[in-house]
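Data file: target_9.csv. Format and content: CSV, C-alpha atoms.
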chain,number,residue,atom,x,y,z
A,1,MET,CA,132.3,102.0,96.7
A,2,PRO,CA,132.2,105.9,96.6
A,3,ALA,CA,129.6,107.5,98.8
A,4,ILE,CA,126.1,107.9,97.2
A,5,LYS,CA,125.5,111.6,96.5
A,6,CYS,CA,122.5,111.7,94.1
A,7,VAL,CA,119.9,109.0,93.6
A,8,GLY,CA,117.5,108.8,90.6
A,9,ILE,CA,114.0,107.4,91.0
A,10,LEU,CA,111.9,106.0,88.2
A,11,THR,CA,108.7,103.9,87.7
A,12,SER,CA,108.5,101.4,84.9
A,13,GLY,CA,106.1,98.9,83.4
A,14,GLY,CA,102.5,98.7,84.4
A,15,ASP,CA,101.4,101.2,87.1
A,16,ALA,CA,100.5,99.8,90.5
A,17,PRO,CA,98.7,101.5,93.5
A,18,GLY,CA,101.4,102.4,96.0
A,19,MET,CA,104.0,103.5,93.6
A,20,ASN,CA,103.5,107.1,94.7
A,21,ALA,CA,103.9,106.1,98.3
A,22,ALA,CA,107.2,104.4,97.3
A,23,ILE,CA,108.4,107.5,95.4
A,24,ARG,CA,107.6,109.6,98.5
A,25,ALA,CA,109.4,107.3,100.8
A,26,VAL,CA,112.6,107.1,98.6
A,27,THR,CA,112.7,110.9,98.2
A,28,ARG,CA,112.3,111.7,101.9
A,29,ALA,CA,114.7,108.9,103.0
A,30,ALA,CA,117.3,110.2,100.6
A,31,ILE,CA,116.9,113.8,101.8
A,32,PHE,CA,117.0,112.7,105.4
A,33,ASN,CA,120.4,111.1,104.6
A,34,LYS,CA,121.6,114.3,102.8
A,35,ILE,CA,121.4,112.7,99.4
A,36,ARG,CA,120.1,114.6,96.4
A,37,VAL,CA,117.2,113.2,94.5
A,38,LYS,CA,116.3,113.3,90.8
A,39,GLY,CA,112.9,112.2,89.6
A,40,ILE,CA,113.0,110.5,86.2
A,41,TYR,CA,109.8,110.7,84.2
A,42,ARG,CA,108.4,108.0,81.9
A,43,GLY,CA,110.7,105.3,83.1
A,44,TYR,CA,113.8,104.3,81.1
A,45,LYS,CA,112.6,106.4,78.2
A,46,GLY,CA,112.9,109.5,80.4
A,47,MET,CA,116.6,108.8,80.9
A,48,ILE,CA,117.2,108.9,77.2
A,49,THR,CA,115.0,111.9,76.5
A,50,ASP,CA,116.4,113.8,79.4
A,51,GLU,CA,113.1,114.1,81.4
A,52,ILE,CA,115.0,114.4,84.7
A,53,GLU,CA,114.1,116.8,87.5
A,54,GLU,CA,115.5,117.7,90.9
A,55,PHE,CA,113.1,116.5,93.6
A,56,HIS,CA,112.5,118.1,97.0
A,57,THR,CA,110.2,117.3,99.9
A,58,GLN,CA,107.4,119.3,98.4
A,59,ASN,CA,107.5,117.3,95.1
A,60,VAL,CA,106.2,114.3,97.0
A,61,SER,CA,103.7,116.1,99.3
A,62,ASN,CA,100.1,114.9,99.2
A,63,ILE,CA,100.7,111.9,96.9
A,64,ILE,CA,100.6,108.9,99.3
A,65,GLN,CA,96.9,108.5,98.7
A,66,ARG,CA,97.1,108.7,94.9
A,67,GLY,CA,97.0,105.7,92.6
A,68,GLY,CA,99.2,105.5,89.5
A,69,THR,CA,102.5,107.2,89.4
A,70,ILE,CA,103.4,110.9,89.4
A,71,LEU,CA,106.6,110.0,87.5
A,72,LYS,CA,104.5,108.4,84.7
A,73,THR,CA,105.6,105.2,82.9
A,74,ALA,CA,106.3,104.2,79.3
A,75,ARG,CA,107.7,101.4,77.2
A,76,CYS,CA,111.1,102.0,75.7
A,77,ALA,CA,112.5,99.9,72.9
A,78,GLU,CA,115.6,102.1,72.7
A,79,PHE,CA,116.7,101.1,76.2
A,80,LYS,CA,116.8,97.4,75.1
A,81,THR,CA,119.7,98.3,72.8
A,82,PRO,CA,123.3,99.0,74.0
A,83,GLU,CA,123.2,102.3,72.2
A,84,GLY,CA,120.1,103.4,74.1
A,85,ARG,CA,121.5,102.4,77.4
A,86,LYS,CA,124.7,104.4,76.6
A,87,GLN,CA,122.5,107.4,76.0
A,88,ALA,CA,120.7,106.9,79.2
A,89,TYR,CA,123.9,106.6,81.2
A,90,ASP,CA,125.4,109.7,79.7
A,91,LYS,CA,122.3,111.7,80.7
A,92,LEU,CA,122.5,110.4,84.2
A,93,LYS,CA,126.1,111.5,84.4
A,94,GLU,CA,125.2,114.9,83.2
A,95,HIS,CA,122.7,115.2,86.1
A,96,GLY,CA,125.2,113.8,88.6
A,97,VAL,CA,123.0,110.7,89.3
A,98,ASP,CA,125.3,108.0,90.8
A,99,SER,CA,122.6,105.5,91.8
A,100,LEU,CA,119.1,104.4,90.9
A,101,VAL,CA,115.9,103.1,92.6
A,102,VAL,CA,113.7,101.4,90.0
A,103,ILE,CA,110.1,100.7,90.9
A,104,GLY,CA,108.4,98.1,88.8
A,105,GLY,CA,107.9,94.4,87.9
A,106,ASP,CA,110.1,91.7,86.4
A,107,GLY,CA,110.7,93.5,83.1
A,108,SER,CA,111.7,96.7,84.8
A,109,LEU,CA,114.1,94.8,87.1
A,110,SER,CA,115.5,92.9,84.2
A,111,GLY,CA,116.4,96.2,82.5
A,112,ALA,CA,117.9,97.4,85.8
A,113,ARG,CA,120.1,94.4,86.1
A,114,VAL,CA,121.5,94.7,82.6
A,115,PHE,CA,122.1,98.4,83.1
A,116,ALA,CA,123.8,98.0,86.4
A,117,GLU,CA,126.2,95.3,85.0
A,118,GLU,CA,127.1,97.3,82.0
A,119,TYR,CA,127.9,100.5,83.8
A,120,ASN,CA,128.8,99.4,87.4
A,121,LEU,CA,125.9,101.5,88.6
A,122,PRO,CA,124.4,100.8,92.1
A,123,ILE,CA,120.7,100.0,91.5
A,124,VAL,CA,118.1,98.9,94.0
A,125,GLY,CA,114.7,97.7,92.8
A,126,LEU,CA,111.3,97.9,94.5
A,127,PRO,CA,108.6,95.3,93.5
A,128,GLY,CA,105.8,97.4,92.1
A,129,THR,CA,103.3,95.1,90.4
A,130,ILE,CA,99.8,94.0,91.1
A,131,ASP,CA,100.6,90.5,89.8
A,132,ASN,CA,102.6,89.6,93.0
A,133,ASP,CA,104.8,87.4,90.8
A,134,LEU,CA,108.3,88.4,91.9
A,135,TYR,CA,110.3,85.8,93.7
A,136,GLY,CA,111.8,86.6,97.1
A,137,THR,CA,109.0,88.8,98.5
A,138,ASP,CA,105.8,87.6,100.1
A,139,VAL,CA,103.9,90.5,98.6
A,140,THR,CA,104.5,93.3,96.0
A,141,ILE,CA,103.4,96.9,96.0
A,142,GLY,CA,99.9,97.3,94.6
A,143,TYR,CA,98.8,93.7,95.0
A,144,ASP,CA,96.6,94.3,98.1
A,145,THR,CA,94.8,97.2,96.5
A,146,ALA,CA,94.2,95.2,93.3
A,147,LEU,CA,92.9,92.2,95.3
A,148,ASN,CA,90.5,94.5,97.2
A,149,THR,CA,89.3,95.9,93.9
A,150,ILE,CA,88.6,92.4,92.5
A,151,MET,CA,86.7,91.5,95.7
A,152,GLU,CA,84.5,94.5,95.4
A,153,CYS,CA,83.7,93.9,91.7
A,154,VAL,CA,82.9,90.2,92.3
A,155,ASP,CA,80.6,91.1,95.1
A,156,LYS,CA,78.6,93.3,92.7
A,157,ILE,CA,78.6,90.8,89.9
A,158,ARG,CA,77.3,88.1,92.3
A,159,ASP,CA,74.1,90.1,92.7
A,160,THR,CA,73.4,89.7,88.9
A,161,ALA,CA,74.6,86.1,88.8
A,162,THR,CA,72.2,85.1,91.6
A,163,SER,CA,69.3,87.0,90.1
A,164,HIS,CA,69.6,85.3,86.7
A,165,GLU,CA,70.9,81.9,87.9
A,166,ARG,CA,74.0,82.2,85.8
A,167,LEU,CA,77.6,80.9,85.7
A,168,PHE,CA,79.9,83.9,85.5
A,169,PHE,CA,83.6,83.6,84.4
A,170,ILE,CA,85.4,86.7,85.6
A,171,GLU,CA,88.9,87.4,84.2
A,172,VAL,CA,91.5,89.0,86.4
A,173,MET,CA,95.0,90.2,85.7
A,174,GLY,CA,98.1,88.3,86.7
A,175,ARG,CA,99.6,87.3,83.3
A,176,ASP,CA,101.3,84.0,84.1
A,177,ALA,CA,100.6,84.1,87.8
A,178,GLY,CA,97.4,83.1,89.6
A,179,PHE,CA,97.7,85.0,92.9
A,180,LEU,CA,95.0,87.5,92.1
A,181,ALA,CA,92.6,84.9,90.8
A,182,LEU,CA,93.2,82.4,93.7
A,183,ASN,CA,93.1,84.9,96.6
A,184,GLY,CA,90.3,86.9,94.9
A,185,ALA,CA,88.2,83.8,94.7
A,186,ILE,CA,88.7,83.0,98.4
A,187,ALA,CA,88.0,86.6,99.4
A,188,SER,CA,84.9,86.9,97.3
A,189,GLY,CA,83.4,83.5,98.1
A,190,ALA,CA,83.8,82.4,94.4
A,191,GLU,CA,83.2,78.7,93.6
A,192,ALA,CA,86.5,78.2,91.8
A,193,ALA,CA,89.6,79.7,90.3
A,194,ILE,CA,91.3,78.7,87.1
A,195,ILE,CA,95.0,79.6,87.3
A,196,PRO,CA,98.0,78.9,85.0
A,197,GLU,CA,100.1,77.1,87.8
A,198,ILE,CA,97.5,74.3,88.0
A,199,SER,CA,96.4,74.3,84.3
A,200,LEU,CA,99.8,73.0,83.5
A,201,GLU,CA,99.1,70.0,85.7
A,202,LYS,CA,95.5,69.1,85.0
A,203,ASP,CA,92.3,70.2,83.2
A,204,GLN,CA,90.8,72.4,85.8
A,205,LEU,CA,87.6,73.1,84.0
A,206,ALA,CA,86.7,69.4,83.4
A,207,GLU,CA,87.5,68.6,87.0
A,208,MET,CA,85.4,71.5,88.3
A,209,ILE,CA,82.4,70.5,86.2
A,210,GLU,CA,82.7,66.8,86.8
A,211,THR,CA,82.9,67.1,90.6
A,212,GLY,CA,79.4,68.7,90.4
A,213,PHE,CA,80.6,72.0,91.9
A,214,ARG,CA,77.1,73.5,91.2
A,215,LYS,CA,74.9,70.8,92.7
A,216,SER,CA,73.6,72.9,95.6
A,217,LYS,CA,73.8,76.3,93.9
A,218,ASN,CA,71.7,78.1,91.3
A,219,SER,CA,74.5,80.4,90.4
A,220,SER,CA,78.3,80.3,90.4
A,221,ILE,CA,81.3,82.5,90.0
A,222,VAL,CA,84.7,81.4,88.7
A,223,LEU,CA,87.7,83.6,88.6
A,224,VAL,CA,90.1,83.0,85.6
A,225,ALA,CA,93.7,84.3,85.4
A,226,GLU,CA,94.5,86.0,82.1
A,227,SER,CA,97.0,83.7,80.5
A,228,ASP,CA,97.7,81.8,77.3
A,229,VAL,CA,97.8,78.7,79.5
A,230,THR,CA,94.2,79.1,80.9
A,231,GLY,CA,92.8,80.6,77.7
A,232,GLY,CA,91.4,83.5,79.7
A,233,ALA,CA,87.7,83.9,80.6
A,234,MET,CA,86.5,84.1,77.0
A,235,GLY,CA,88.3,80.8,76.1
A,236,VAL,CA,87.0,79.0,79.1
A,237,ALA,CA,83.4,80.3,78.5
A,238,GLU,CA,83.5,79.1,74.8
A,239,ARG,CA,84.6,75.7,75.9
A,240,VAL,CA,81.7,75.5,78.4
A,241,LYS,CA,79.2,76.5,75.8
A,242,LYS,CA,80.3,73.7,73.6
A,243,GLU,CA,80.9,70.9,76.1
A,244,TYR,CA,78.3,71.8,78.8
A,245,PRO,CA,75.4,73.6,77.0
A,246,GLN,CA,73.2,73.3,80.1
A,247,PHE,CA,74.9,76.3,81.7
A,248,ASP,CA,73.8,79.9,81.1
A,249,VAL,CA,77.3,81.4,80.8
A,250,ARG,CA,78.4,85.0,81.0
A,251,VAL,CA,81.9,86.6,81.0
A,252,SER,CA,83.2,89.7,82.7
A,253,ILE,CA,86.7,91.0,82.1
A,254,LEU,CA,87.8,93.4,84.8
A,255,GLY,CA,90.9,94.7,82.9
A,256,HIS,CA,92.7,97.9,83.9
A,257,LEU,CA,90.1,98.6,86.5
A,258,GLN,CA,92.3,96.5,88.8
A,259,ARG,CA,95.3,98.8,88.5
A,260,GLY,CA,93.6,102.0,89.5
A,261,GLY,CA,92.4,103.5,92.7
A,262,SER,CA,93.7,104.8,96.0
A,263,PRO,CA,96.2,102.3,97.6
A,264,THR,CA,95.1,100.5,100.7
A,265,ALA,CA,96.7,101.1,104.1
A,266,GLN,CA,98.7,97.9,103.6
A,267,ASP,CA,100.1,99.0,100.3
A,268,ARG,CA,101.0,102.5,101.6
A,269,ILE,CA,102.8,101.0,104.6
A,270,LEU,CA,104.6,98.4,102.5
A,271,ALA,CA,105.7,101.0,99.9
A,272,THR,CA,106.9,103.3,102.7
A,273,ARG,CA,108.9,100.6,104.4
A,274,MET,CA,110.4,99.4,101.1
A,275,GLY,CA,111.3,102.9,99.9
A,276,ILE,CA,113.2,103.7,103.1
A,277,ALA,CA,114.9,100.3,102.9
A,278,ALA,CA,116.0,101.1,99.3
A,279,ILE,CA,118.0,104.1,100.5
A,280,ASP,CA,119.4,102.1,103.5
A,281,ALA,CA,120.5,99.4,101.0
A,282,LEU,CA,122.4,101.9,98.8
A,283,LEU,CA,124.1,103.4,101.9
A,284,ASP,CA,125.1,99.9,103.0
A,285,GLY,CA,126.8,99.4,99.6
A,286,GLN,CA,124.2,97.0,98.2
A,287,ARG,CA,123.6,96.9,94.4
A,288,ASN,CA,121.7,94.7,92.0
A,289,VAL,CA,119.1,93.8,94.7
A,290,MET,CA,115.4,94.0,95.0
A,291,ILE,CA,113.9,95.0,98.3
A,292,GLY,CA,111.5,92.3,99.5
A,293,ILE,CA,109.5,91.4,102.5
A,294,GLN,CA,109.5,87.9,104.1
A,295,LYS,CA,107.5,87.2,107.3
A,296,ASP,CA,107.1,90.9,107.8
A,297,GLU,CA,110.9,91.5,107.7
A,298,ILE,CA,112.7,93.5,105.0
A,299,VAL,CA,115.2,91.4,102.9
A,300,ASN,CA,117.5,92.1,100.0
A,301,VAL,CA,117.0,89.7,97.1
A,302,PRO,CA,119.5,89.6,94.2
A,303,PHE,CA,118.0,90.6,90.9
A,304,SER,CA,119.1,87.2,89.5
A,305,LYS,CA,116.8,85.4,92.0
A,306,ALA,CA,113.9,87.8,91.9
A,307,ILE,CA,113.7,87.7,88.1
A,308,LYS,CA,114.6,84.2,87.2
A,309,ASN,CA,112.9,82.1,89.9
A,310,ASP,CA,109.2,81.4,89.7
A,311,LYS,CA,107.2,82.3,92.7
A,312,PRO,CA,105.2,79.2,93.9
A,313,ILE,CA,101.5,79.2,94.7
A,314,ASN,CA,100.7,78.2,98.3
A,315,LYS,CA,98.9,74.9,98.1
A,316,ASP,CA,97.2,75.6,101.4
A,317,LEU,CA,95.3,78.4,99.6
A,318,LEU,CA,94.1,75.9,97.0
A,319,ARG,CA,92.8,73.6,99.8
A,320,ALA,CA,91.1,76.6,101.5
A,321,LEU,CA,89.2,77.5,98.3
A,322,CYS,CA,88.2,73.9,97.7
A,323,ILE,CA,86.8,73.4,101.2
A,324,SER,CA,85.1,76.8,101.5
A,325,SER,CA,83.3,76.6,98.1
A,326,ILE,CA,81.4,73.4,98.7

Now, as a test, write the supplied structure out as structure tokens.
Amino acid sequence: MPAIKCVGILTSGGDAPGMNAAIRAVTRAAIFNKIRVKGIYRGYKGMITDEIEEFHTQNVSNIIQRGGTILKTARCAEFKTPEGRKQAYDKLKEHGVDSLVVIGGDGSLSGARVFAEEYNLPIVGLPGTIDNDLYGTDVTIGYDTALNTIMECVDKIRDTATSHERLFFIEVMGRDAGFLALNGAIASGAEAAIIPEISLEKDQLAEMIETGFRKSKNSSIVLVAESDVTGGAMGVAERVKKEYPQFDVRVSILGHLQRGGSPTAQDRILATRMGIAAIDALLDGQRNVMIGIQKDEIVNVPFSKAIKNDKPINKDLLRALCISSI
């Protein structure tokens, strides 16, 4: 494979705290290795609309502590078509970009995989998503910050729940993955978590109520993962009002609050390590891989595995929540 001379960086999909730290690390690692860097604004859309800019060290100064992404992010229907991807590739060629680092979740990496296969372009992905749902990595960039945000919010809601002796259902992000709900419940001392991975196996709400989870408590907090499978916090609350009218029920949906804020030290360190590893991978001739971390070691995970395989929930965490909430 020809030597890498110019790498493009883009962020795509939902923003996640730590993306800026990753952009900074990729840029500086590339410059350290005498590789030119091009920042691509607004994800795949920016490739088509030619929002591509030369990046230098100063472009990424003073951003490690900032949430969101300085490169912005946007959805792009055009990139899903062969014609759109051809336009994107032509723009990259005009700018001399011969490789890409894509920071985002499963949708972003799916686009990267198709693009790489069509044009034989070396692409390395970084797992930037608060959902922590990508297979092959123990943790994703942004997950730790979002988890801490959830914990802080639940701590505040608990004051009201206790004062009014209420049952609160708090909806957290995660789409079809329950990592935020489960670990958020453990960290905040919640009584239960309703997650899609278990909802497929059993009726979590009925089991929770029937085991008398509230016998010794005058208030309770339950975290619910947003998902069609769980029905979300509103769906669960409506069911409780109908089937268990003795409860005084309230709902709180944390929403995009979870995506914002300054990244934690853990997310900054993770993003920095992964960003540097992305350039190392390109220099080693790797392509179509996502940088992951397993047992605190950097690994290269093929896109095909990272995207297609479901990341399992650790059953020990379910047991920990069950025991600690009695």

Tell me which protein, DNA and RNA residues are within 10 Å of Glu54 (chain A), counting only C-alpha atoms, leaving out same-chain ones fewer than 3 positions away, and put them as a ChimeraX atom specification.
-> /A:6,8,36-40,59,95

How many Å lie between CA of Ala3 (chain A) and CA of Ala277 (chain A), rounded to one decimal?
-> 16.9 Å

With region 157-172 of chain A as the partner and 7 Å as the cut-off, tabulate the residues of region 218-248 of chain A that qualify, each row holding the nearest pair of atoms and their distance in Å to one decimal, using only C-alpha atoms, sorted by chain and rising number, as JSON lines.
{"residue": "A:Asn218", "atom": "CA", "partner": "A:Glu165", "partner_atom": "CA", "distance": 5.2}
{"residue": "A:Ser219", "atom": "CA", "partner": "A:Glu165", "partner_atom": "CA", "distance": 4.6}
{"residue": "A:Ser220", "atom": "CA", "partner": "A:Leu167", "partner_atom": "CA", "distance": 4.8}
{"residue": "A:Ile221", "atom": "CA", "partner": "A:Phe168", "partner_atom": "CA", "distance": 4.9}
{"residue": "A:Val222", "atom": "CA", "partner": "A:Phe169", "partner_atom": "CA", "distance": 5.0}
{"residue": "A:Leu223", "atom": "CA", "partner": "A:Ile170", "partner_atom": "CA", "distance": 4.9}
{"residue": "A:Val224", "atom": "CA", "partner": "A:Glu171", "partner_atom": "CA", "distance": 4.8}
{"residue": "A:Ala225", "atom": "CA", "partner": "A:Val172", "partner_atom": "CA", "distance": 5.3}
{"residue": "A:Glu226", "atom": "CA", "partner": "A:Val172", "partner_atom": "CA", "distance": 6.0}
{"residue": "A:Gly232", "atom": "CA", "partner": "A:Glu171", "partner_atom": "CA", "distance": 6.5}
{"residue": "A:Ala233", "atom": "CA", "partner": "A:Glu171", "partner_atom": "CA", "distance": 5.2}
{"residue": "A:Ala237", "atom": "CA", "partner": "A:Phe169", "partner_atom": "CA", "distance": 6.8}
{"residue": "A:Phe247", "atom": "CA", "partner": "A:Leu167", "partner_atom": "CA", "distance": 6.7}
{"residue": "A:Asp248", "atom": "CA", "partner": "A:Arg166", "partner_atom": "CA", "distance": 5.2}

Residue contacts of Leu180 (chain A) (8 Å, only C-alpha atoms) excluding same-chain residues fewer than 4 positions away, as a PyMOL selection string = chain A and resi 131-132+143+146-147+172-174+184+225

May I ask which of the residues A:Tyr44, A:Phe179, A:Tyr244, A:Phe79 is the closest one to Lys311 (chain A), counting all atoms listed in the file?
->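 With all atoms listed in the file as the atom set, the closest residue is A:Phe179.
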
For Val236 (chain A), which residue among A:Ala16, A:Ala187, A:Ile298, A:Met208 is the nearest when counting all atoms listed in the file?
->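 Once distances to Val236 (chain A) are computed over all atoms listed in the file, the minimum belongs to A:Met208.
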
Anything within 10 Å of (118.1, 104.0, 94.7): list those residues as a PyMOL selection string, counting all atoms listed in the file and sticking to the file's coordinates.
-> chain A and resi 4+6-10+26-27+30+37+97-103+122-126+275-283+286-287

Shell of 9 Å around region 105-109 of chain A, all atoms listed in the file, local chain residues under 2 positions omitted, as a PyMOL selection string = chain A and resi 11-14+43-44+102-103+111-114+124-134+140+290+303+306-308

Pick from A:Lys5, A:Tyr89, A:Gly261, A:Ala190 nearest to Asn120 (chain A), counting only C-alpha atoms |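 Nearest to Asn120 (chain A): A:Tyr89.
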
CA of Gln258 (chain A) and CA of Leu182 (chain A) are how many Å apart?
-> 15.0 Å

Residues around (123.2, 103.9, 76.2), cut-off 12 Å, counting all atoms listed in the file - what are they as an NGL selection string?
-> :A and (44-45 or 47-49 or 77-93 or 114-116 or 118-119)

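Every protein or nucleic acid residue with an atom no more than 9 Å from Cys322 (chain A), counting all atoms listed in the file and leaving out same-chain residues fewer than 5 positions away, appears here: Glu191, Ala192 and Leu317 of chain A.
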
What separation in Å, quoted to one decimal, exists between CA of Gly46 (chain A) and CA of Thr272 (chain A)?
-> 23.9 Å

Who sits within 8 Å of Ser188 (chain A), all atoms listed in the file, same chain under 2 positions skipped, as a ChimeraX atom specification | /A:151-152,154-155,184-186,190

Would you kindly place all heavy atoms on region 49-58 of chain A and return the model as a short mmCIF file (atom, residue, chain, number, x, y, z; two decimals), in the frame of the given file?
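Contents of the output file part_11.cif:
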data_model
loop_
_atom_site.label_atom_id
_atom_site.label_comp_id
_atom_site.auth_asym_id
_atom_site.auth_seq_id
_atom_site.Cartn_x
_atom_site.Cartn_y
_atom_site.Cartn_z
N THR A 49 115.52 110.61 76.94
CA THR A 49 115.00 111.90 76.50
C THR A 49 115.23 113.05 77.42
O THR A 49 114.74 114.15 77.22
CB THR A 49 113.49 111.77 76.16
OG1 THR A 49 112.81 111.32 77.36
CG2 THR A 49 113.23 110.77 75.04
N ASP A 50 115.97 112.77 78.48
CA ASP A 50 116.40 113.80 79.40
C ASP A 50 115.18 114.44 80.19
O ASP A 50 115.13 115.64 80.40
CB ASP A 50 117.18 114.91 78.74
CG ASP A 50 117.99 115.75 79.74
OD1 ASP A 50 118.17 115.30 80.88
OD2 ASP A 50 118.41 116.86 79.37
N GLU A 51 114.24 113.60 80.60
CA GLU A 51 113.10 114.10 81.40
C GLU A 51 113.46 113.83 82.89
O GLU A 51 112.86 112.99 83.56
CB GLU A 51 111.83 113.37 81.02
CG GLU A 51 111.42 113.65 79.58
CD GLU A 51 110.12 112.96 79.22
OE1 GLU A 51 109.06 113.41 79.69
OE2 GLU A 51 110.17 111.97 78.46
N ILE A 52 114.45 114.57 83.37
CA ILE A 52 115.00 114.40 84.70
C ILE A 52 114.91 115.69 85.48
O ILE A 52 115.31 116.74 84.97
CB ILE A 52 116.46 113.89 84.63
CG1 ILE A 52 116.54 112.58 83.84
CG2 ILE A 52 117.05 113.71 86.02
CD1 ILE A 52 117.95 112.09 83.54
N GLU A 53 114.36 115.61 86.68
CA GLU A 53 114.10 116.80 87.50
C GLU A 53 114.54 116.66 88.91
O GLU A 53 114.38 115.59 89.49
CB GLU A 53 112.58 117.11 87.42
CG GLU A 53 112.11 118.28 88.25
CD GLU A 53 110.59 118.37 88.28
OE1 GLU A 53 109.94 117.96 87.31
OE2 GLU A 53 110.05 118.85 89.32
N GLU A 54 115.10 117.71 89.46
CA GLU A 54 115.50 117.70 90.90
C GLU A 54 114.22 117.57 91.73
O GLU A 54 113.23 118.28 91.50
CB GLU A 54 116.21 118.99 91.23
CG GLU A 54 116.76 119.01 92.65
CD GLU A 54 118.23 118.59 92.73
OE1 GLU A 54 118.94 118.74 91.73
OE2 GLU A 54 118.63 118.12 93.80
N PHE A 55 114.25 116.67 92.70
CA PHE A 55 113.10 116.50 93.60
C PHE A 55 113.44 116.98 95.00
O PHE A 55 114.56 116.78 95.50
CB PHE A 55 112.73 114.99 93.67
CG PHE A 55 111.56 114.62 92.78
CD1 PHE A 55 111.36 115.26 91.57
CD2 PHE A 55 110.68 113.62 93.16
CE1 PHE A 55 110.28 114.92 90.76
CE2 PHE A 55 109.60 113.27 92.35
CZ PHE A 55 109.40 113.92 91.15
N HIS A 56 112.45 117.65 95.59
CA HIS A 56 112.50 118.10 97.00
C HIS A 56 111.36 117.54 97.76
O HIS A 56 110.48 116.90 97.17
CB HIS A 56 112.57 119.63 97.05
CG HIS A 56 113.64 120.25 96.20
ND1 HIS A 56 114.97 120.29 96.60
CD2 HIS A 56 113.59 120.83 94.97
CE1 HIS A 56 115.69 120.87 95.65
NE2 HIS A 56 114.87 121.21 94.65
N THR A 57 111.33 117.80 99.04
CA THR A 57 110.20 117.30 99.90
C THR A 57 108.88 117.63 99.31
O THR A 57 107.96 116.81 99.27
CB THR A 57 110.37 117.78 101.32
OG1 THR A 57 111.62 117.31 101.86
CG2 THR A 57 109.25 117.25 102.18
N GLN A 58 108.73 118.88 98.85
CA GLN A 58 107.40 119.30 98.40
C GLN A 58 106.98 118.62 97.10
O GLN A 58 105.78 118.57 96.79
CB GLN A 58 107.39 120.85 98.18
CG GLN A 58 108.42 121.40 97.21
CD GLN A 58 109.69 121.84 97.91
OE1 GLN A 58 110.12 121.23 98.90
NE2 GLN A 58 110.30 122.90 97.40
#
